[in-house]
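Q: What follows is the file upload-v6.cif, containing mmCIF, C-alpha atoms and all ligand atoms:
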data_coords
#
loop_
_atom_site.label_atom_id
_atom_site.label_comp_id
_atom_site.auth_asym_id
_atom_site.auth_seq_id
_atom_site.Cartn_x
_atom_site.Cartn_y
_atom_site.Cartn_z
CA MET A 2 -41.30 16.67 -14.00
CA GLN A 3 -38.58 18.89 -15.43
CA VAL A 4 -35.00 17.81 -14.84
CA SER A 5 -31.82 19.84 -15.25
CA LYS A 6 -30.56 19.42 -18.83
CA GLN A 7 -27.02 19.27 -17.43
CA LEU A 8 -27.95 16.29 -15.29
CA GLU A 9 -29.77 14.44 -18.07
CA GLN A 10 -26.57 14.32 -20.12
CA ILE A 11 -24.57 12.53 -17.42
CA GLN A 12 -24.16 8.75 -17.60
CA PRO A 13 -26.23 6.71 -15.11
CA PRO A 14 -24.37 5.23 -12.12
CA PRO A 15 -22.45 2.38 -13.83
CA ILE A 16 -22.74 -0.26 -11.10
CA THR A 17 -26.53 0.20 -10.95
CA GLU A 18 -26.72 -0.03 -14.73
CA VAL A 19 -24.59 -3.16 -14.97
CA LYS A 20 -26.43 -4.88 -12.09
CA SER A 21 -29.72 -4.22 -13.90
CA TRP A 22 -28.54 -6.62 -16.63
CA LEU A 23 -28.93 -9.41 -14.07
CA THR A 24 -32.67 -8.89 -13.63
CA GLY A 25 -34.51 -12.10 -14.42
CA ARG A 26 -31.32 -14.11 -14.84
CA VAL A 27 -30.91 -17.31 -12.83
CA PHE A 28 -27.41 -18.72 -12.51
CA PRO A 29 -26.97 -22.49 -12.20
CA ASP A 30 -25.10 -24.00 -9.24
CA GLU A 31 -22.42 -25.40 -11.52
CA LYS A 32 -21.70 -21.94 -12.99
CA PRO A 33 -22.69 -19.29 -10.45
CA LEU A 34 -22.37 -15.57 -11.07
CA VAL A 35 -18.88 -14.21 -10.38
CA ASP A 36 -19.17 -10.57 -9.35
CA LEU A 37 -16.14 -8.54 -10.47
CA CYS A 38 -18.13 -5.37 -10.30
CA GLN A 39 -17.96 -3.64 -6.95
CA ALA A 40 -14.85 -2.52 -5.07
CA ILE A 41 -15.82 -3.41 -1.54
CA PRO A 42 -13.87 -5.51 0.96
CA SER A 43 -15.37 -9.02 1.17
CA TYR A 44 -14.84 -9.12 4.97
CA SER A 45 -16.68 -7.43 7.86
CA PRO A 46 -15.18 -5.16 10.52
CA PRO A 47 -13.70 -7.06 13.47
CA MET A 48 -15.95 -8.24 16.32
CA GLU A 49 -14.40 -5.80 18.81
CA LEU A 50 -15.49 -2.84 16.68
CA ILE A 51 -18.98 -4.31 16.33
CA GLU A 52 -19.21 -4.86 20.11
CA TYR A 53 -18.03 -1.30 20.73
CA LEU A 54 -20.75 0.06 18.45
CA LYS A 55 -23.40 -2.16 20.05
CA ASN A 56 -22.48 -0.77 23.47
CA SER A 57 -22.65 2.79 22.16
CA LEU A 58 -26.37 2.31 21.48
CA ASP A 59 -27.09 2.67 25.21
CA ASP A 60 -25.78 6.22 25.15
CA PRO A 61 -28.45 8.77 24.08
CA LEU A 62 -25.70 11.00 22.66
CA THR A 63 -25.05 8.41 19.93
CA PHE A 64 -28.28 9.50 18.26
CA LYS A 65 -27.56 13.21 18.25
CA TYR A 66 -25.80 15.63 15.89
CA SER A 67 -22.17 16.43 16.50
CA GLN A 68 -20.21 19.50 15.44
CA ASP A 69 -20.35 19.92 11.65
CA GLU A 70 -16.70 18.94 11.22
CA GLY A 71 -16.95 16.00 13.62
CA LEU A 72 -16.22 15.30 17.29
CA PRO A 73 -12.88 16.73 18.49
CA GLU A 74 -11.77 13.40 20.02
CA VAL A 75 -12.45 11.61 16.72
CA ARG A 76 -10.53 14.18 14.69
CA ASP A 77 -7.62 13.91 17.18
CA GLU A 78 -7.57 10.15 16.72
CA VAL A 79 -7.66 10.48 12.92
CA CYS A 80 -4.69 12.89 13.07
CA SER A 81 -2.71 10.37 15.16
CA TRP A 82 -3.50 7.73 12.52
CA TYR A 83 -2.05 10.05 9.87
CA GLN A 84 1.07 10.64 11.97
CA ARG A 85 1.70 6.88 12.05
CA HIS A 86 0.96 6.26 8.37
CA TYR A 87 2.19 9.39 6.63
CA GLN A 88 5.13 10.50 8.79
CA GLY A 89 3.30 13.80 9.09
CA ALA A 90 -0.27 14.79 9.77
CA PRO A 91 -2.91 17.44 9.36
CA THR A 92 -4.14 19.15 12.54
CA PRO A 93 -7.73 18.53 13.71
CA LYS A 94 -8.65 21.98 12.35
CA GLN A 95 -7.61 20.87 8.88
CA LEU A 96 -10.05 17.98 8.92
CA CYS A 97 -13.76 17.63 8.25
CA LEU A 98 -15.35 14.21 8.71
CA THR A 99 -17.68 13.40 5.82
CA VAL A 100 -20.30 10.95 4.58
CA GLY A 101 -17.74 8.87 2.72
CA ALA A 102 -15.04 10.06 0.37
CA SER A 103 -17.90 10.74 -2.02
CA GLN A 104 -19.18 13.65 0.05
CA ALA A 105 -15.62 14.86 0.71
CA PHE A 106 -15.20 15.14 -3.06
CA TRP A 107 -18.41 17.17 -3.45
CA LEU A 108 -17.36 19.46 -0.60
CA ALA A 109 -13.95 19.99 -2.20
CA ILE A 110 -15.12 20.80 -5.70
CA SER A 111 -18.14 22.85 -4.71
CA SER A 112 -15.97 24.94 -2.34
CA LEU A 113 -13.18 25.35 -4.90
CA CYS A 114 -14.97 25.83 -8.20
CA GLN A 115 -17.76 27.74 -9.87
CA PRO A 116 -19.68 26.64 -12.97
CA ASN A 117 -17.48 26.70 -16.11
CA ASP A 118 -14.26 26.29 -14.13
CA GLU A 119 -12.04 23.38 -15.17
CA VAL A 120 -10.57 20.47 -13.25
CA ILE A 121 -7.94 18.26 -14.88
CA VAL A 122 -8.92 14.63 -14.51
CA GLN A 123 -6.62 11.71 -15.30
CA LEU A 124 -8.12 8.97 -17.47
CA PRO A 125 -9.30 6.40 -16.70
CA ALA A 126 -11.22 8.40 -14.09
CA TYR A 127 -13.17 7.08 -11.11
CA PHE A 128 -16.64 7.50 -12.64
CA ASP A 129 -18.19 9.46 -9.75
CA HIS A 130 -15.67 12.25 -10.26
CA PRO A 131 -16.71 13.38 -13.76
CA MET A 132 -20.34 12.74 -12.75
CA GLY A 133 -19.99 15.11 -9.77
CA LEU A 134 -18.10 17.75 -11.75
CA GLN A 135 -20.61 17.72 -14.60
CA ALA A 136 -23.57 17.88 -12.21
CA LEU A 137 -22.08 21.11 -10.84
CA GLY A 138 -21.35 22.56 -14.30
CA ILE A 139 -17.58 22.20 -13.82
CA LYS A 140 -15.68 20.99 -16.86
CA PRO A 141 -13.54 17.84 -16.52
CA VAL A 142 -10.49 18.29 -18.78
CA TYR A 143 -9.20 14.80 -19.41
CA ALA A 144 -5.52 13.82 -19.34
CA PRO A 145 -5.21 10.93 -21.82
CA PHE A 146 -4.71 7.32 -20.76
CA ASN A 147 -1.45 5.80 -21.92
CA PRO A 148 -1.54 1.97 -21.86
CA GLU A 149 2.28 1.92 -22.15
CA THR A 150 2.63 3.45 -18.68
CA ALA A 151 -0.19 1.37 -17.18
CA GLY A 152 -2.24 4.35 -16.09
CA GLN A 153 0.48 6.47 -14.46
CA PRO A 154 -0.31 10.18 -14.88
CA ASP A 155 2.16 12.13 -17.02
CA LEU A 156 3.35 15.41 -15.49
CA GLU A 157 4.11 17.07 -18.84
CA ALA A 158 0.78 16.05 -20.38
CA ILE A 159 -1.08 17.45 -17.37
CA LYS A 160 0.98 20.65 -17.40
CA ARG A 161 -0.11 21.28 -21.00
CA LEU A 162 -3.78 21.11 -19.96
CA ILE A 163 -3.56 23.88 -17.36
CA SER A 164 -5.53 26.96 -18.48
CA PRO A 165 -6.64 30.19 -16.77
CA LYS A 166 -9.88 28.35 -15.89
CA THR A 167 -8.14 25.41 -14.15
CA LYS A 168 -8.83 25.19 -10.43
CA ALA A 169 -7.36 21.79 -9.67
CA ILE A 170 -5.53 18.69 -10.82
CA LEU A 171 -7.43 15.62 -9.64
CA LEU A 172 -5.56 12.34 -9.19
CA VAL A 173 -6.50 9.03 -7.58
CA THR A 174 -3.88 6.83 -5.95
CA PRO A 175 -4.07 3.82 -5.89
CA SER A 176 -6.18 4.33 -9.00
CA ASN A 177 -9.67 3.07 -9.41
CA PRO A 178 -9.80 1.46 -12.03
CA THR A 179 -6.16 0.62 -12.88
CA GLY A 180 -4.74 0.03 -9.40
CA ALA A 181 -1.73 2.20 -10.37
CA VAL A 182 0.04 3.73 -7.37
CA ILE A 183 1.64 7.15 -7.89
CA SER A 184 5.05 7.28 -6.19
CA PRO A 185 5.75 9.81 -3.40
CA ASP A 186 8.24 11.64 -5.67
CA GLN A 187 5.68 11.97 -8.44
CA ILE A 188 3.09 13.23 -5.96
CA THR A 189 5.57 15.88 -4.82
CA ALA A 190 6.12 16.85 -8.47
CA PHE A 191 2.35 17.19 -9.06
CA PHE A 192 2.03 19.22 -5.86
CA GLU A 193 4.80 21.56 -7.01
CA LEU A 194 3.18 21.87 -10.43
CA ALA A 195 -0.10 22.88 -8.76
CA GLN A 196 1.80 25.26 -6.48
CA SER A 197 3.58 26.95 -9.40
CA HIS A 198 0.19 27.69 -11.03
CA ASN A 199 -1.56 28.60 -7.78
CA ILE A 200 -4.14 25.83 -8.20
CA SER A 201 -4.88 22.79 -6.02
CA LEU A 202 -3.78 19.20 -6.19
CA ILE A 203 -6.78 17.09 -5.14
CA LEU A 204 -5.70 13.57 -4.27
CA ASP A 205 -8.31 10.87 -3.72
CA GLU A 206 -6.60 8.32 -1.48
CA THR A 207 -9.53 5.99 -0.81
CA TYR A 208 -7.29 2.89 -1.06
CA ASN A 209 -4.25 4.30 0.80
CA ALA A 210 -4.30 1.55 3.46
CA PHE A 211 -3.61 -1.05 0.77
CA ILE A 212 -0.31 0.36 -0.51
CA GLY A 213 1.81 -1.03 2.33
CA THR A 214 4.27 1.91 2.33
CA THR A 215 4.03 5.64 3.12
CA PRO A 216 1.77 7.00 0.36
CA HIS A 217 3.54 10.39 0.16
CA LEU A 218 5.36 12.94 2.25
CA LEU A 219 3.26 16.04 1.59
CA PHE A 220 2.10 16.28 5.22
CA ASN A 221 5.74 16.79 6.17
CA ARG A 222 5.84 20.06 4.26
CA SER A 223 4.83 23.27 5.99
CA ASP A 224 3.45 24.60 2.68
CA TRP A 225 1.04 21.71 1.92
CA PRO A 226 -2.07 23.58 3.12
CA ASN A 227 -1.74 26.18 0.36
CA ASN A 228 -2.25 23.83 -2.56
CA PHE A 229 -3.23 20.36 -1.38
CA ILE A 230 -6.64 18.81 -0.69
CA GLN A 231 -6.97 15.17 0.32
CA ILE A 232 -10.11 13.08 -0.19
CA ALA A 233 -10.00 10.28 2.37
CA SER A 234 -12.16 7.23 2.90
CA PHE A 235 -12.06 4.90 5.86
CA GLY A 236 -14.77 2.77 4.28
CA LYS A 237 -12.33 0.36 2.66
CA THR A 238 -9.71 0.68 5.44
CA PHE A 239 -12.00 -0.52 8.25
CA ALA A 240 -14.63 -2.32 6.07
CA LEU A 241 -17.18 0.37 6.89
CA THR A 242 -18.46 1.25 3.42
CA GLY A 243 -22.10 1.11 4.55
CA LEU A 244 -21.45 3.51 7.43
CA ARG A 245 -20.21 6.09 4.88
CA CYS A 246 -16.95 7.04 6.51
CA GLY A 247 -14.71 9.66 4.90
CA ALA A 248 -12.84 12.89 5.50
CA LEU A 249 -11.79 16.04 3.71
CA ILE A 250 -8.35 17.39 4.56
CA ALA A 251 -7.37 20.88 3.53
CA ASN A 252 -6.21 24.15 5.04
CA HIS A 253 -8.19 25.50 7.98
CA GLU A 254 -9.57 28.57 6.17
CA PHE A 255 -10.79 26.36 3.34
CA ILE A 256 -12.43 23.96 5.83
CA GLN A 257 -14.24 26.90 7.43
CA GLN A 258 -15.78 27.72 4.04
CA VAL A 259 -16.53 24.03 3.43
CA LEU A 260 -18.59 23.92 6.64
CA LYS A 261 -21.20 26.19 5.05
CA ILE A 262 -21.90 23.40 2.57
CA GLN A 263 -21.45 20.63 5.12
CA ASP A 264 -24.07 22.22 7.37
CA SER A 265 -26.60 22.65 4.59
CA MET A 266 -25.89 19.23 3.09
CA VAL A 267 -25.64 16.69 5.93
CA VAL A 268 -24.76 18.70 9.11
CA CYS A 269 -22.24 16.09 10.16
CA GLN A 270 -20.92 12.60 9.65
CA PRO A 271 -23.35 10.35 11.61
CA ARG A 272 -22.16 9.78 15.17
CA PRO A 273 -22.10 5.94 14.97
CA THR A 274 -19.76 6.33 12.00
CA GLN A 275 -17.56 8.70 13.98
CA LEU A 276 -17.40 6.23 16.86
CA ALA A 277 -16.44 3.40 14.52
CA LEU A 278 -13.78 5.62 12.97
CA LYS A 279 -12.33 6.53 16.37
CA PHE A 280 -12.20 2.88 17.35
CA GLY A 281 -10.62 1.88 14.05
CA CYS A 282 -7.93 4.55 14.17
CA ARG A 283 -7.11 3.75 17.81
CA HIS A 284 -7.12 -0.06 17.75
CA LEU A 285 -7.05 -1.57 14.26
CA ASP A 286 -3.61 -0.94 12.72
CA ASP A 287 -2.69 -4.65 12.88
CA TRP A 288 -6.09 -5.77 11.59
CA VAL A 289 -5.81 -3.36 8.64
CA ALA A 290 -2.27 -4.53 7.85
CA LYS A 291 -3.42 -8.17 7.86
CA ASN A 292 -6.27 -7.42 5.45
CA ALA A 293 -4.03 -5.33 3.22
CA ALA A 294 -1.73 -8.37 2.97
CA THR A 295 -4.74 -10.56 2.05
CA MET A 296 -5.75 -8.11 -0.67
CA GLN A 297 -2.19 -8.08 -1.99
CA GLN A 298 -2.22 -11.89 -2.12
CA ARG A 299 -5.52 -11.82 -4.03
CA HIS A 300 -4.01 -9.37 -6.48
CA ASP A 301 -0.82 -11.42 -6.92
CA HIS A 302 -2.87 -14.59 -7.35
CA PHE A 303 -5.11 -12.94 -9.95
CA LYS A 304 -2.16 -11.49 -11.85
CA ALA A 305 -0.20 -14.75 -11.93
CA ASP A 306 -3.27 -16.75 -13.06
CA PHE A 307 -4.31 -14.19 -15.65
CA LEU A 308 -0.85 -13.87 -17.19
CA ALA A 309 -0.50 -17.66 -17.32
CA ALA A 310 -3.95 -18.15 -18.86
CA LYS A 311 -4.45 -18.63 -22.56
CA THR A 312 -6.85 -15.76 -23.22
CA ASN A 313 -7.27 -12.96 -25.73
CA PHE A 314 -8.02 -10.53 -22.92
CA LYS A 315 -4.90 -8.45 -22.20
CA LEU A 316 -3.92 -7.30 -18.73
CA ILE A 317 -2.96 -3.62 -19.08
CA ALA A 318 -2.60 -2.63 -15.41
CA SER A 319 -3.46 -3.97 -11.99
CA GLY A 320 -3.00 -3.27 -8.29
CA SER A 321 -4.84 -3.27 -4.94
CA PHE A 322 -8.50 -4.05 -5.73
CA PHE A 323 -8.40 -3.77 -9.51
CA ALA A 324 -7.36 -5.02 -12.91
CA TRP A 325 -7.79 -3.04 -16.12
CA VAL A 326 -7.97 -5.33 -19.13
CA LYS A 327 -8.39 -4.90 -22.89
CA HIS A 328 -11.13 -7.06 -24.34
CA PRO A 329 -10.53 -8.88 -27.65
CA TRP A 330 -13.62 -7.67 -29.54
CA ASN A 331 -12.68 -4.70 -31.74
CA ASP A 332 -16.24 -4.35 -32.98
CA LEU A 333 -17.74 -4.19 -29.46
CA THR A 334 -17.84 -1.33 -26.96
CA GLY A 335 -16.90 -2.07 -23.36
CA ARG A 336 -20.60 -2.10 -22.51
CA GLN A 337 -21.32 -4.70 -25.21
CA ALA A 338 -18.29 -6.75 -24.17
CA ALA A 339 -19.36 -6.65 -20.51
CA LYS A 340 -22.88 -7.75 -21.52
CA ARG A 341 -21.41 -10.62 -23.52
CA LEU A 342 -19.48 -11.73 -20.43
CA VAL A 343 -22.67 -11.71 -18.36
CA GLU A 344 -24.53 -13.72 -20.96
CA GLU A 345 -21.85 -16.23 -21.94
CA ALA A 346 -19.62 -16.50 -18.87
CA ASN A 347 -21.88 -15.53 -15.93
CA LEU A 348 -19.32 -12.93 -15.05
CA ILE A 349 -20.06 -9.31 -14.26
CA CYS A 350 -17.63 -6.39 -14.56
CA LEU A 351 -17.62 -2.72 -15.57
CA PRO A 352 -17.22 -1.35 -19.11
CA GLY A 353 -14.16 0.85 -19.80
CA GLU A 354 -16.22 3.78 -21.11
CA ALA A 355 -17.77 4.19 -17.65
CA PHE A 356 -14.31 5.57 -16.70
CA GLY A 357 -14.23 8.26 -19.37
CA PRO A 358 -14.41 8.95 -23.10
CA GLY A 359 -12.53 6.74 -25.55
CA LEU A 360 -12.11 3.81 -23.16
CA GLU A 361 -14.47 1.37 -24.95
CA PRO A 362 -11.72 -1.24 -25.53
CA TYR A 363 -11.32 -1.82 -21.78
CA LEU A 364 -13.02 -3.49 -18.82
CA ARG A 365 -12.49 -3.04 -15.09
CA LEU A 366 -12.34 -6.14 -12.95
CA SER A 367 -12.51 -5.82 -9.19
CA PHE A 368 -11.40 -8.80 -7.13
CA GLY A 369 -11.51 -7.18 -3.66
CA ASN A 370 -14.91 -8.70 -3.26
CA ILE A 371 -14.04 -12.34 -3.97
CA GLY A 372 -11.65 -14.94 -2.56
CA VAL A 373 -8.86 -16.92 -4.21
CA THR A 374 -11.08 -19.82 -5.37
CA GLN A 375 -13.44 -17.49 -7.18
CA ILE A 376 -10.49 -15.61 -8.70
CA THR A 377 -9.24 -18.86 -10.25
CA GLU A 378 -12.77 -19.60 -11.46
CA ALA A 379 -13.07 -16.11 -13.01
CA VAL A 380 -9.74 -16.38 -14.83
CA GLY A 381 -10.82 -19.80 -16.13
CA ARG A 382 -13.89 -18.21 -17.66
CA PHE A 383 -11.80 -15.61 -19.50
CA GLN A 384 -9.72 -18.48 -20.83
CA LYS A 385 -12.84 -19.91 -22.53
CA PHE A 386 -12.73 -16.94 -24.90
CA TYR A 387 -9.34 -17.93 -26.35
CA LEU A 388 -9.75 -17.52 -30.10
C1 LIG B 1 -11.49 6.25 -5.98
C2 LIG B 1 -12.70 6.25 -5.10
N1 LIG B 1 -13.04 7.38 -4.49
C3 LIG B 1 -14.12 7.42 -3.69
C4 LIG B 1 -14.91 6.32 -3.49
C5 LIG B 1 -16.11 6.42 -2.60
O1 LIG B 1 -15.72 6.12 -1.31
P1 LIG B 1 -16.76 6.24 -0.09
O2 LIG B 1 -17.46 4.94 -0.02
O3 LIG B 1 -15.89 6.51 1.09
O4 LIG B 1 -17.67 7.37 -0.42
C6 LIG B 1 -14.60 5.11 -4.11
C7 LIG B 1 -15.45 3.93 -3.92
O5 LIG B 1 -15.35 2.92 -4.53
C8 LIG B 1 -13.47 5.09 -4.95
O6 LIG B 1 -13.12 3.96 -5.59
#
Could you write out this file's structure as structure tokens?

A:
Amino acid sequence: MQVSKQLEQIQPPPITEVKSWLTGRVFPDEKPLVDLCQAIPSYSPPMELIEYLKNSLDDPLTFKYSQDEGLPEVRDEVCSWYQRHYQGAPTPKQLCLTVGASQAFWLAISSLCQPNDEVIVQLPAYFDHPMGLQALGIKPVYAPFNPETAGQPDLEAIKRLISPKTKAILLVTPSNPTGAVISPDQITAFFELAQSHNISLILDETYNAFIGTTPHLLFNRSDWPNNFIQIASFGKTFALTGLRCGALIANHEFIQQVLKIQDSMVVCQPRPTQLALKFGCRHLDDWVAKNAATMQQRHDHFKADFLAAKTNFKLIASGSFFAWVKHPWNDLTGRQAAKRLVEEANLICLPGEAFGPGLEPYLRLSFGNIGVTQITEAVGRFQKFYL
């Protein structure tokens, strides 16, 4: 079967690749596998949400399509959530509910760009972003990673990359994989940079519920719809990753164009997902805050243990679900280093180069998925590599 040449050149999905290294391996009880691979909350949604969804199964409407952009009452509820968390909010017409942030990203770039257009992507990049851009023939133009600033994007460096082909600056905050949070002032500066070049700032805010403060104040500005697109995920917020719960936020005219793709791609976010989202936005602020505090504690615990450990792995950046570390093996790529950790430490994580070119010296660890005891165990295993 013939396959698009463009597609063949793209890296395979990194988590699938790394998990395939486990095939045939058996891990002993005294040294079980520690999975630092996937960025999913370790907990389930609360019982009241589960009960609400169970009850919805008696309603025949639950199994039917909704409007392409989502049910009006769900979009209203999402806008109220924004008002509480961002001190400003999009209107329901500026919102399209999507099959995860992943689909929101595809809708954004395929509505904004044509093949051969450019999107500026900060390194290290969330791997699905370059994969999506390349699959559509859009060129990711990488802003270099600076270990000195722990993954914070540099306004001047990004400004220098803008060309007549640039359609957008793409940033992720908190970052996957460094955990770096871009401050509200910096976000304003990136927005104004995009505005001054008549391009878009695309902000992926999948982990926004884990910052603990107002992520930015763009929704307070009357001019945000001209140059800002937000990629939102409620998958991590309400522990609904399997229900594929996201949203695209942009100006109304843009959303109307987006719906042509939405209709031909998925029609709508599944109704059970919409119901869970409505329930979460209406009832779960306290539950989310409690879990965000737990995640912060896990991060603080990991950081303190890792910095105190005698290890040749170096912590470069960390925050929310992630740590970005430099491995000690100059002659190994990240992939080889990650394989060595599977083989010798029963520990699985992602290689740096999955997050963009030139990042072979690094590894991404994700501790959202594991509790404090396992974090201590994982750090202990890194310590065994002290040279
Ligand atoms: C930065 C970032 N964006 C998007 C996604 C995908 O989110 P969703 O599950 O809502 O599609 C992830 C998932 O890990 C992510 O880390």

Q: List all protein, DNA and RNA residues that have an atom no more than 10 Å from any atom of ligand LIG 1 (chain B), counting all atoms listed in the file, and report them as number ranges by chain.

A: A: 39-41, 99-106, 126-130, 172-178, 180, 204-208, 232-238, 240-248, 322-323

Q: Any idea what the distance is between CA of Lys327 in chain A and CA of Val120 in chain A?

A: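 CA of Val120 in chain A lies at a distance of 27.2 Å from CA of Lys327 in chain A.
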
Q: For range 209-227 of chain A, what centre and edge lengths in Å (one decimal) does the axis-aligned box get once 4 Å is added on each side of all its listed atoms, as lines of an AutoDock Vina configuration file?

A:
center_x = 0.8
center_y = 12.6
center_z = 2.8
size_x = 18.1
size_y = 35.2
size_z = 14.7

Q: Calculate how many Å separate CA of Pro73 in chain A from CA of Val259 in chain A, rounding to one decimal.

A: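 CA of Val259 in chain A lies 17.1 Å from CA of Pro73 in chain A.
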
Q: Out of A:Trp325, A:Tyr53, A:Tyr143, A:Phe280, which residue has the shortest atom-to-atom distance to Phe307 in chain A when counting all atoms listed in the file?

A: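 For Phe307 in chain A, the nearest of the candidates is A:Trp325.
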
Q: Return the single residue from A:Leu34, A:Leu62, A:Val289, A:Leu219 that is closest to Leu276 in chain A, with distances computed using all atoms listed in the file.

A: A:Leu62

Q: To one decimal place, how far is CA of Thr334 in chain A from CA of Pro358 in chain A in Å?

A: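 These two atoms are separated by 11.5 Å.
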
Q: Residues around (1.9, 18.2, -7.5), cut-off 10 Å, counting all atoms listed in the file - what are they as an NGL selection string?

A: :A and (156 or 170-172 or 186-197 or 200-204 or 219 or 228-229)

Q: Restricting the calculation to only C-alpha atoms, which member of A:Glu18, A:Glu378, A:Glu119, A:Glu70 is positioned closest to Ile139 in chain A?

A: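 Answer, going by the shortest atom-to-atom distance: A:Glu119.
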
Q: Which is closest to Gln12 in chain A among A:Cys114, A:Gln135, A:Pro47, A:Phe386, if we use all atoms listed in the file?

A: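 When distances to Gln12 in chain A are compared using all atoms listed in the file, the smallest one comes from A:Gln135.
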
Q: Enumerate, as a PyMOL selection string, the protein, DNA and RNA residues whose atoms approach (-22.0, 1.7, -11.1) to within 9 Å, taking into account only C-alpha atoms and the coordinate frame of the file.

A: chain A and resi 13-20+38-39+128-129+351+355

Q: Would you kindly return, as a list in words, each protein, DNA or RNA residue with an atom no farther than 7 Å from any atom of Thr63 in chain A, considering only C-alpha atoms and excluding same-chain residues fewer than 6 positions away?

A: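 Within the cut-off, the hits are Ser57, Arg272 and Pro273 of chain A.
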
Q: Here is a test: counting all atoms listed in the file, which residue of A:Leu72, A:Ile371, A:Leu366, A:Ala277 is nearest to Pro46 in chain A?

A: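 Among the listed residues, the smallest separation from Pro46 in chain A belongs to A:Ala277.
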
Q: From the list A:Pro141, A:Pro61, A:Gly133, A:Gly213, which residue is nearest Lys291 in chain A when using all atoms listed in the file?

A: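 Distance minimum relative to Lys291 in chain A lands on A:Gly213.
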
Q: If you keep C-alpha atoms, can you output range 193-222 of chain A as an mmCIF file, in the first residue's frame?

A:
data_model
loop_
_atom_site.group_PDB
_atom_site.id
_atom_site.type_symbol
_atom_site.label_atom_id
_atom_site.label_comp_id
_atom_site.auth_asym_id
_atom_site.auth_seq_id
_atom_site.Cartn_x
_atom_site.Cartn_y
_atom_site.Cartn_z
ATOM 1 C CA GLU A 193 1.530 41.839 21.098
ATOM 2 C CA LEU A 194 4.390 40.470 18.996
ATOM 3 C CA ALA A 195 1.898 38.333 17.053
ATOM 4 C CA GLN A 196 -0.437 41.311 16.752
ATOM 5 C CA SER A 197 2.310 43.577 15.383
ATOM 6 C CA HIS A 198 2.999 41.029 12.602
ATOM 7 C CA ASN A 199 -0.653 40.207 11.977
ATOM 8 C CA ILE A 200 -0.136 36.525 12.814
ATOM 9 C CA SER A 201 -1.656 34.382 15.582
ATOM 10 C CA LEU A 202 -0.429 33.380 18.991
ATOM 11 C CA ILE A 203 -1.546 29.774 19.529
ATOM 12 C CA LEU A 204 -1.340 28.846 23.190
ATOM 13 C CA ASP A 205 -1.766 25.227 24.257
ATOM 14 C CA GLU A 206 -2.961 25.406 27.862
ATOM 15 C CA THR A 207 -3.642 21.725 28.499
ATOM 16 C CA TYR A 208 -2.232 21.946 32.055
ATOM 17 C CA ASN A 209 -3.718 25.353 32.990
ATOM 18 C CA ALA A 210 -5.617 23.972 36.004
ATOM 19 C CA PHE A 211 -2.316 23.029 37.646
ATOM 20 C CA ILE A 212 -0.756 26.505 37.754
ATOM 21 C CA GLY A 213 -2.709 27.691 40.797
ATOM 22 C CA THR A 214 -2.902 31.332 39.631
ATOM 23 C CA THR A 215 -4.568 33.168 36.725
ATOM 24 C CA PRO A 216 -2.707 31.857 33.656
ATOM 25 C CA HIS A 217 -2.945 35.150 31.723
ATOM 26 C CA LEU A 218 -5.165 38.151 31.191
ATOM 27 C CA LEU A 219 -5.683 38.006 27.424
ATOM 28 C CA PHE A 220 -9.426 37.332 27.755
ATOM 29 C CA ASN A 221 -9.711 40.725 29.448
ATOM 30 C CA ARG A 222 -8.630 42.464 26.259
#
